[in-house]
$ cat final.txt   # compact mmCIF, C-alpha atoms
# COMPACT_ATOMS: atom_id res chain seq x y z
CA MET H 6 13.28 -3.81 3.29
CA GLU H 7 15.75 -6.66 3.62
CA ILE H 8 14.51 -9.32 6.03
CA ASN H 9 17.27 -11.43 7.52
CA ALA H 10 15.67 -14.76 8.35
CA ALA H 11 18.76 -15.79 10.28
CA ASN H 12 17.90 -13.21 12.90
CA ILE H 13 14.37 -14.50 13.22
CA ASN H 14 14.77 -18.27 13.43
CA ILE H 15 16.28 -19.69 16.63
CA GLU H 16 17.34 -23.33 16.80
CA SER H 17 18.06 -25.10 20.08
CA SER H 18 19.30 -28.58 20.91
CA GLY H 19 19.17 -30.77 23.98
CA LEU H 20 15.74 -29.54 25.09
CA GLY H 21 13.82 -32.76 24.60
CA ASP H 22 10.51 -32.89 22.78
CA SER H 23 9.73 -29.66 20.91
CA THR H 24 7.37 -28.32 18.29
CA GLY H 25 7.20 -25.23 16.16
CA PHE H 26 4.69 -22.42 16.50
CA SER H 27 2.18 -21.94 13.71
CA ILE H 28 -0.62 -19.60 12.76
CA LYS H 29 -4.12 -21.02 12.35
CA THR H 30 -6.07 -19.27 9.64
CA SER H 31 -9.29 -17.87 11.00
CA ALA H 32 -11.42 -14.74 10.82
CA ALA H 33 -9.95 -13.58 14.14
CA ALA H 34 -6.36 -14.05 12.92
CA PHE H 35 -6.97 -12.13 9.72
CA GLN H 36 -8.76 -9.38 11.64
CA LEU H 37 -5.74 -8.99 13.90
CA LEU H 38 -3.28 -8.89 11.00
CA SER H 39 -5.36 -6.57 8.81
CA SER H 40 -6.81 -4.21 11.39
CA GLY H 41 -5.35 -4.87 14.82
CA LEU H 42 -1.87 -3.76 13.74
CA TYR H 43 -2.97 -0.17 13.20
CA THR H 44 -4.11 2.43 15.71
CA ASN H 45 -4.80 5.13 13.12
CA LYS H 46 -6.41 3.06 10.39
CA ILE H 47 -6.85 5.87 7.85
CA ARG H 48 -3.24 6.94 8.18
CA ALA H 49 -2.16 3.32 7.85
CA VAL H 50 -4.06 2.86 4.58
CA VAL H 51 -2.59 6.03 3.06
CA ARG H 52 0.93 5.21 4.26
CA GLU H 53 1.00 1.53 3.33
CA LEU H 54 -0.55 1.83 -0.12
CA SER H 55 1.55 4.87 -1.02
CA SER H 56 4.75 3.24 0.23
CA ASN H 57 4.03 0.17 -1.88
CA ALA H 58 3.48 2.42 -4.91
CA VAL H 59 6.78 4.22 -4.31
CA ASP H 60 8.51 0.83 -4.06
CA ALA H 61 6.95 -0.14 -7.39
CA HIS H 62 8.52 2.95 -8.99
CA THR H 63 11.86 2.08 -7.42
CA MET H 64 11.71 -1.36 -9.04
CA VAL H 65 11.66 0.20 -12.52
CA SER H 66 13.99 3.15 -11.84
CA LYS H 67 11.17 5.69 -11.62
CA ARG H 68 11.94 6.86 -8.09
CA ASP H 69 11.78 10.52 -9.17
CA ILE H 70 8.41 10.15 -10.89
CA PRO H 71 5.49 10.86 -8.50
CA ILE H 72 2.84 8.27 -7.83
CA GLU H 73 -0.80 9.36 -8.22
CA VAL H 74 -3.25 9.57 -5.33
CA LYS H 75 -6.90 10.59 -5.54
CA LEU H 76 -8.74 11.95 -2.53
CA PRO H 77 -12.44 11.12 -1.99
CA ASN H 78 -15.11 13.78 -2.45
CA ALA H 79 -18.89 14.19 -2.58
CA LEU H 80 -19.04 13.33 -6.30
CA ASP H 81 -16.66 10.37 -6.13
CA SER H 82 -16.07 8.71 -2.76
CA GLN H 83 -13.24 6.52 -4.05
CA PHE H 84 -9.72 6.87 -2.67
CA TYR H 85 -7.03 5.37 -4.84
CA VAL H 86 -3.28 5.04 -5.12
CA LYS H 87 -1.87 4.47 -8.61
CA ASP H 88 1.67 3.70 -9.68
CA SER H 89 3.41 3.15 -13.00
CA GLY H 90 5.61 0.32 -11.80
CA PRO H 91 5.81 -3.17 -13.29
CA GLY H 92 2.36 -4.29 -12.16
CA LEU H 93 1.74 -7.84 -10.98
CA SER H 94 1.01 -10.99 -12.91
CA HIS H 95 -2.24 -12.86 -12.31
CA ASP H 96 -0.32 -15.56 -10.46
CA ASN H 97 1.34 -13.02 -8.15
CA ILE H 98 -2.00 -11.36 -7.41
CA MET H 99 -3.66 -14.65 -6.58
CA HIS H 100 -0.80 -15.98 -4.44
CA MET H 101 1.93 -13.59 -3.27
CA TYR H 102 -0.27 -10.46 -3.05
CA THR H 103 -2.81 -12.32 -0.94
CA THR H 104 -0.31 -14.04 1.37
CA TYR H 105 0.60 -12.36 4.64
CA PHE H 106 4.36 -12.05 5.28
CA ASP H 107 5.20 -12.93 1.67
CA SER H 108 6.91 -10.18 -0.31
CA SER H 109 9.23 -9.79 -3.29
CA LYS H 110 11.03 -6.97 -1.43
CA GLN H 111 12.63 -8.95 1.38
CA GLN H 112 16.09 -9.20 -0.19
CA SER H 113 16.84 -5.50 -0.63
CA ASN H 114 17.07 -2.36 1.48
CA ASP H 115 16.08 -0.23 -1.52
CA TYR H 116 12.42 -0.68 -0.66
CA ILE H 117 10.24 0.69 2.12
CA GLY H 118 8.16 -2.43 2.62
CA GLY H 119 9.06 -6.07 2.93
CA PHE H 120 6.79 -7.76 5.45
CA GLY H 121 3.91 -8.47 3.06
CA VAL H 122 1.16 -6.84 5.12
CA GLY H 123 0.83 -3.34 3.61
CA SER H 124 -1.13 -4.49 0.56
CA LYS H 125 -3.82 -5.83 2.91
CA SER H 126 -4.09 -2.56 4.89
CA PRO H 127 -7.37 -1.45 3.22
CA PHE H 128 -9.07 -4.19 5.24
CA ALA H 129 -8.29 -2.10 8.32
CA TYR H 130 -10.85 0.41 7.03
CA THR H 131 -13.22 -1.36 4.64
CA ASP H 132 -14.61 -4.82 3.90
CA SER H 133 -13.87 -4.55 0.18
CA PHE H 134 -11.48 -2.83 -2.20
CA THR H 135 -10.44 -3.09 -5.84
CA VAL H 136 -7.06 -3.89 -7.35
CA GLU H 137 -6.22 -3.11 -10.98
CA SER H 138 -3.01 -4.64 -12.33
CA ARG H 139 -1.60 -3.54 -15.67
CA HIS H 140 0.97 -6.15 -16.60
CA GLY H 141 1.97 -8.36 -19.50
CA GLY H 142 -0.18 -6.48 -22.00
CA MET H 143 -3.34 -6.99 -19.92
CA ARG H 144 -5.36 -4.90 -17.49
CA ARG H 145 -6.89 -7.19 -14.88
CA LEU H 146 -9.42 -6.15 -12.25
CA TYR H 147 -9.80 -7.89 -8.90
CA SER H 148 -12.20 -7.54 -5.99
CA ALA H 149 -10.75 -8.13 -2.53
CA PHE H 150 -13.43 -8.67 0.09
CA ILE H 151 -14.29 -10.17 3.45
CA SER H 152 -16.29 -13.33 2.85
CA ASP H 153 -19.23 -14.65 4.88
CA ASP H 154 -16.91 -16.64 7.15
CA GLY H 155 -14.94 -13.49 8.03
CA THR H 156 -11.80 -14.31 6.04
CA PRO H 157 -10.45 -12.15 3.19
CA LYS H 158 -10.66 -13.37 -0.39
CA ILE H 159 -9.84 -12.01 -3.82
CA ALA H 160 -11.54 -12.71 -7.15
CA GLU H 161 -10.75 -11.65 -10.70
CA ILE H 162 -13.66 -9.68 -12.13
CA GLY H 163 -12.36 -8.72 -15.57
CA ALA H 164 -9.42 -8.83 -17.98
CA PHE H 165 -8.84 -6.55 -20.95
CA PRO H 166 -5.96 -5.82 -23.33
CA LEU H 167 -3.97 -2.72 -22.40
CA GLU H 168 -4.53 0.35 -24.55
CA LEU H 169 -1.49 1.58 -26.45
CA ASP H 170 -1.11 4.64 -24.22
CA GLU H 171 -1.56 2.74 -20.93
CA THR H 172 1.46 2.13 -18.73
CA THR H 173 2.04 -0.90 -16.56
CA GLY H 174 1.40 -0.54 -12.84
CA LEU H 175 -1.04 -1.12 -10.03
CA THR H 176 -4.05 0.86 -8.79
CA VAL H 177 -5.69 0.12 -5.46
CA SER H 178 -9.01 1.84 -4.79
CA MET H 179 -11.55 1.77 -1.99
CA PRO H 180 -14.77 3.55 -0.98
CA VAL H 181 -14.57 6.14 1.80
CA LYS H 182 -17.32 7.23 4.18
CA SER H 183 -18.27 10.89 3.74
CA GLN H 184 -17.45 11.67 7.37
CA ASP H 185 -13.86 10.56 6.71
CA PHE H 186 -13.13 12.74 3.66
CA ASN H 187 -11.30 15.36 5.71
CA ALA H 188 -9.35 12.74 7.63
CA PHE H 189 -8.00 11.26 4.39
CA LYS H 190 -7.03 14.75 3.23
CA HIS H 191 -5.29 15.54 6.52
CA GLU H 192 -3.33 12.28 6.67
CA THR H 193 -2.34 12.60 3.02
CA CYS H 194 -0.95 16.12 3.47
CA ASP H 195 0.79 15.22 6.72
CA LEU H 196 2.46 12.09 5.34
CA PHE H 197 3.42 13.19 1.86
CA GLN H 198 5.50 16.17 2.98
CA TRP H 199 8.09 13.60 4.11
CA PHE H 200 8.16 11.63 0.84
CA ALA H 201 11.35 12.16 -1.19
CA THR H 202 9.18 12.57 -4.28
CA ILE H 203 5.88 14.16 -3.29
CA PRO H 204 2.95 12.30 -4.93
CA ASN H 205 0.59 13.92 -7.41
CA VAL H 206 -2.60 14.31 -5.34
CA LEU H 207 -5.87 14.73 -7.24
CA GLY H 208 -8.65 16.64 -5.49
CA LEU H 209 -6.34 18.78 -3.36
CA SER H 210 -6.37 22.54 -3.77
CA GLN H 211 -3.20 23.18 -1.78
CA THR H 212 0.36 22.28 -2.72
CA ILE H 213 2.25 19.85 -0.52
CA LYS H 214 5.81 20.97 0.08
CA HIS H 215 8.77 19.58 1.94
CA PRO H 216 9.16 21.28 5.33
CA GLU H 217 11.95 23.79 5.79
CA MET H 218 14.74 22.80 8.14
CA SER H 219 13.79 25.74 10.36
CA GLU H 220 10.33 24.23 10.75
CA ILE H 221 11.79 20.87 11.79
CA ALA H 222 14.34 22.32 14.21
CA PRO H 223 14.03 26.05 15.04
CA GLY H 224 17.27 27.92 14.48
CA LEU H 225 18.48 25.57 11.73
CA HIS H 226 18.36 26.57 8.08
CA ARG H 227 18.55 24.44 4.97
CA ARG H 228 21.84 24.72 3.10
CA GLU H 229 21.56 26.03 -0.44
$ encode --input "final.txt" --output "C-alpha cells"
Amino acid sequence: MEINAANINIESSGLGDSTGFSIKTSAAAFQLLSSGLYTNKIRAVVRELSSNAVDAHTMVSKRDIPIEVKLPNALDSQFYVKDSGPGLSHDNIMHMYTTYFDSSKQQSNDYIGGFGVGSKSPFAYTDSFTVESRHGGMRRLYSAFISDDGTPKIAEIGAFPLELDETTGLTVSMPVKSQDFNAFKHETCDLFQWFATIPNVLGLSQTIKHPEMSEIAPGLHRRE
C-alpha cells in the first residue's frame, strides 16, 4: 500500500516555539501497537500474516500461486503461514521486520500492507512465535518473544544451508490454545473466501470457495 508522507506531515510557520511529537518505547506502547489495535485478535493474526504472504508472492510474480496455511489440531497445535516469496535477509529481519511503521511496501499500491505492523500481529495472541526465512541460500530461524521488561525482541536461533528442493520464502508459526482451534478454522474459512487466490489450507476437510454473486447480493448472478 503506497503511503504518501506528504499527506501525513504538516508544517506550520509563525506559531512560535514548537516541538515534534514522538513515541517513547515502553512495554505499554508495544502492547498498544501489537494488541490494542485489534478487537478480534485471532482474525487479525490470520488476516495480517496471510496478507503479508500474498504480498510476498506479488513481489516475485507469483500472485496466482496459493500461499500455504496450516490450522492447529490436537496432534500439532502450531498455526503457520508459509509463502514462497523472496524471503528476508538477516539484516531485514533484525531491523526492518522488527520496526513498527517500517515497510518495504510503502511505495506501491500493488501490495495489501504497508504500515509495518502486520508482521507483529502474532503478539496480539501469543507471547512468542517463530519466523523462518529462506533467503540467500540460507534457512534462518528466529524466535520473537516478549522479554522480561514487557518489550518484544527477536533472536536468531539457527542457520542452515537451503536444501536443493527448498524455495525461498517466509514461514511464521505460533502455538494455539486448544480452546481456540475452532476459532482459527472459522476465521480462516471466512477470510479466505475473499482472497483472489484462495490459500492452500492444511488440516481443513472442506473446500473454501469464492462466494457466488447471488450470495453476496440476492437477485444478482455472476456473468459467465
$ closest_residue --input "final.txt" --among "H:Ala61, H:Leu207, H:Val74, H:Leu80" --to "Ser138 in chain H" --atoms "only C-alpha atoms"
H:Ala61
$ atom_distance --input "final.txt" --atom1 "CA of Val122 in chain H" --atom2 "CA of Asp69 in chain H"
24.9 Å
$ closest_residue --input "final.txt" --among "H:Ser133, H:Thr176, H:Arg48, H:Asp88" --to "Thr156 in chain H" --atoms "all atoms listed in the file"
H:Ser133
$ closest_residue --input "final.txt" --among "H:Lys182, H:Pro204, H:Ile159, H:Asp22" --to "Val86 in chain H" --atoms "all atoms listed in the file"
H:Pro204
$ atom_distance --input "final.txt" --atom1 "CA of Ser66 in chain H" --atom2 "CA of Leu93 in chain H"
16.5 Å
$ residues_near_point --input "final.txt" --point "(-5.7, -6.0, 1.1)" --cutoff "12 Å" --atoms "all atoms listed in the file" --output "VMD selection string"
chain H and resid 35 to 36 38 to 40 50 53 to 54 57 98 to 99 101 to 105 121 to 136 147 to 151 156 to 159 177 to 179
$ residues_around --input "final.txt" --residues "Trp199 in chain H" --least-positions-apart "6" --cutoff "9 Å" --atoms "all atoms listed in the file" --output "JSON, numbers by chain"
{"H": [214, 215, 216]}
$ write_last_selection --input "final.txt" --atoms "C-alpha atoms" --output "compact mmCIF listing (two decimals), in the frame of the given file"
# COMPACT_ATOMS: atom_id res chain seq x y z
CA LYS H 214 5.81 20.97 0.08
CA HIS H 215 8.77 19.58 1.94
CA PRO H 216 9.16 21.28 5.33
$ build_atoms --input "final.txt" --residues "range 50-72 of chain H" --atoms "N, CA and C atoms" --output "PDB file, keeping the file's coordinate frame"
ATOM      1  N   VAL H  50      -3.688   3.148   5.969  1.00  0.00           N
ATOM      2  CA  VAL H  50      -4.060   2.860   4.580  1.00  0.00           C
ATOM      3  C   VAL H  50      -3.291   3.771   3.631  1.00  0.00           C
ATOM      4  N   VAL H  51      -3.301   5.071   3.923  1.00  0.00           N
ATOM      5  CA  VAL H  51      -2.590   6.030   3.060  1.00  0.00           C
ATOM      6  C   VAL H  51      -1.102   5.703   3.022  1.00  0.00           C
ATOM      7  N   ARG H  52      -0.519   5.466   4.183  1.00  0.00           N
ATOM      8  CA  ARG H  52       0.930   5.210   4.260  1.00  0.00           C
ATOM      9  C   ARG H  52       1.319   3.913   3.568  1.00  0.00           C
ATOM     10  N   GLU H  53       0.615   2.834   3.861  1.00  0.00           N
ATOM     11  CA  GLU H  53       1.000   1.530   3.330  1.00  0.00           C
ATOM     12  C   GLU H  53       0.830   1.441   1.817  1.00  0.00           C
ATOM     13  N   LEU H  54      -0.317   1.901   1.319  1.00  0.00           N
ATOM     14  CA  LEU H  54      -0.550   1.830  -0.120  1.00  0.00           C
ATOM     15  C   LEU H  54       0.405   2.737  -0.883  1.00  0.00           C
ATOM     16  N   SER H  55       0.653   3.928  -0.349  1.00  0.00           N
ATOM     17  CA  SER H  55       1.550   4.870  -1.020  1.00  0.00           C
ATOM     18  C   SER H  55       2.992   4.378  -0.978  1.00  0.00           C
ATOM     19  N   SER H  56       3.397   3.786   0.132  1.00  0.00           N
ATOM     20  CA  SER H  56       4.750   3.240   0.230  1.00  0.00           C
ATOM     21  C   SER H  56       4.957   2.098  -0.757  1.00  0.00           C
ATOM     22  N   ASN H  57       3.942   1.260  -0.902  1.00  0.00           N
ATOM     23  CA  ASN H  57       4.030   0.170  -1.880  1.00  0.00           C
ATOM     24  C   ASN H  57       4.162   0.730  -3.299  1.00  0.00           C
ATOM     25  N   ALA H  58       3.431   1.811  -3.584  1.00  0.00           N
ATOM     26  CA  ALA H  58       3.480   2.420  -4.910  1.00  0.00           C
ATOM     27  C   ALA H  58       4.856   3.022  -5.178  1.00  0.00           C
ATOM     28  N   VAL H  59       5.433   3.668  -4.171  1.00  0.00           N
ATOM     29  CA  VAL H  59       6.780   4.220  -4.310  1.00  0.00           C
ATOM     30  C   VAL H  59       7.786   3.089  -4.561  1.00  0.00           C
ATOM     31  N   ASP H  60       7.637   1.981  -3.842  1.00  0.00           N
ATOM     32  CA  ASP H  60       8.510   0.830  -4.060  1.00  0.00           C
ATOM     33  C   ASP H  60       8.387   0.297  -5.484  1.00  0.00           C
ATOM     34  N   ALA H  61       7.172   0.326  -6.020  1.00  0.00           N
ATOM     35  CA  ALA H  61       6.950  -0.140  -7.390  1.00  0.00           C
ATOM     36  C   ALA H  61       7.715   0.736  -8.379  1.00  0.00           C
ATOM     37  N   HIS H  62       7.746   2.048  -8.126  1.00  0.00           N
ATOM     38  CA  HIS H  62       8.520   2.950  -8.990  1.00  0.00           C
ATOM     39  C   HIS H  62      10.011   2.691  -8.851  1.00  0.00           C
ATOM     40  N   THR H  63      10.448   2.385  -7.641  1.00  0.00           N
ATOM     41  CA  THR H  63      11.860   2.080  -7.420  1.00  0.00           C
ATOM     42  C   THR H  63      12.291   0.856  -8.215  1.00  0.00           C
ATOM     43  N   MET H  64      11.391  -0.127  -8.322  1.00  0.00           N
ATOM     44  CA  MET H  64      11.710  -1.360  -9.040  1.00  0.00           C
ATOM     45  C   MET H  64      12.042  -1.106 -10.504  1.00  0.00           C
ATOM     46  N   VAL H  65      11.450  -0.058 -11.093  1.00  0.00           N
ATOM     47  CA  VAL H  65      11.660   0.200 -12.520  1.00  0.00           C
ATOM     48  C   VAL H  65      12.384   1.523 -12.748  1.00  0.00           C
ATOM     49  N   SER H  66      13.162   1.934 -11.742  1.00  0.00           N
ATOM     50  CA  SER H  66      13.990   3.150 -11.840  1.00  0.00           C
ATOM     51  C   SER H  66      13.174   4.395 -12.144  1.00  0.00           C
ATOM     52  N   LYS H  67      12.009   4.504 -11.484  1.00  0.00           N
ATOM     53  CA  LYS H  67      11.170   5.690 -11.620  1.00  0.00           C
ATOM     54  C   LYS H  67      11.004   6.394 -10.281  1.00  0.00           C
ATOM     55  N   ARG H  68      12.026   6.330  -9.443  1.00  0.00           N
ATOM     56  CA  ARG H  68      11.940   6.860  -8.090  1.00  0.00           C
ATOM     57  C   ARG H  68      11.597   8.353  -8.079  1.00  0.00           C
ATOM     58  N   ASP H  69      12.021   9.081  -9.113  1.00  0.00           N
ATOM     59  CA  ASP H  69      11.780  10.520  -9.170  1.00  0.00           C
ATOM     60  C   ASP H  69      10.460  10.889  -9.824  1.00  0.00           C
ATOM     61  N   ILE H  70       9.720   9.899 -10.277  1.00  0.00           N
ATOM     62  CA  ILE H  70       8.410  10.150 -10.890  1.00  0.00           C
ATOM     63  C   ILE H  70       7.336   9.960  -9.814  1.00  0.00           C
ATOM     64  N   PRO H  71       6.482  10.968  -9.580  1.00  0.00           N
ATOM     65  CA  PRO H  71       5.490  10.860  -8.500  1.00  0.00           C
ATOM     66  C   PRO H  71       4.416   9.818  -8.773  1.00  0.00           C
ATOM     67  N   ILE H  72       4.010   9.136  -7.733  1.00  0.00           N
ATOM     68  CA  ILE H  72       2.840   8.270  -7.830  1.00  0.00           C
ATOM     69  C   ILE H  72       1.598   9.162  -7.852  1.00  0.00           C
TER      70      ILE H  72
END
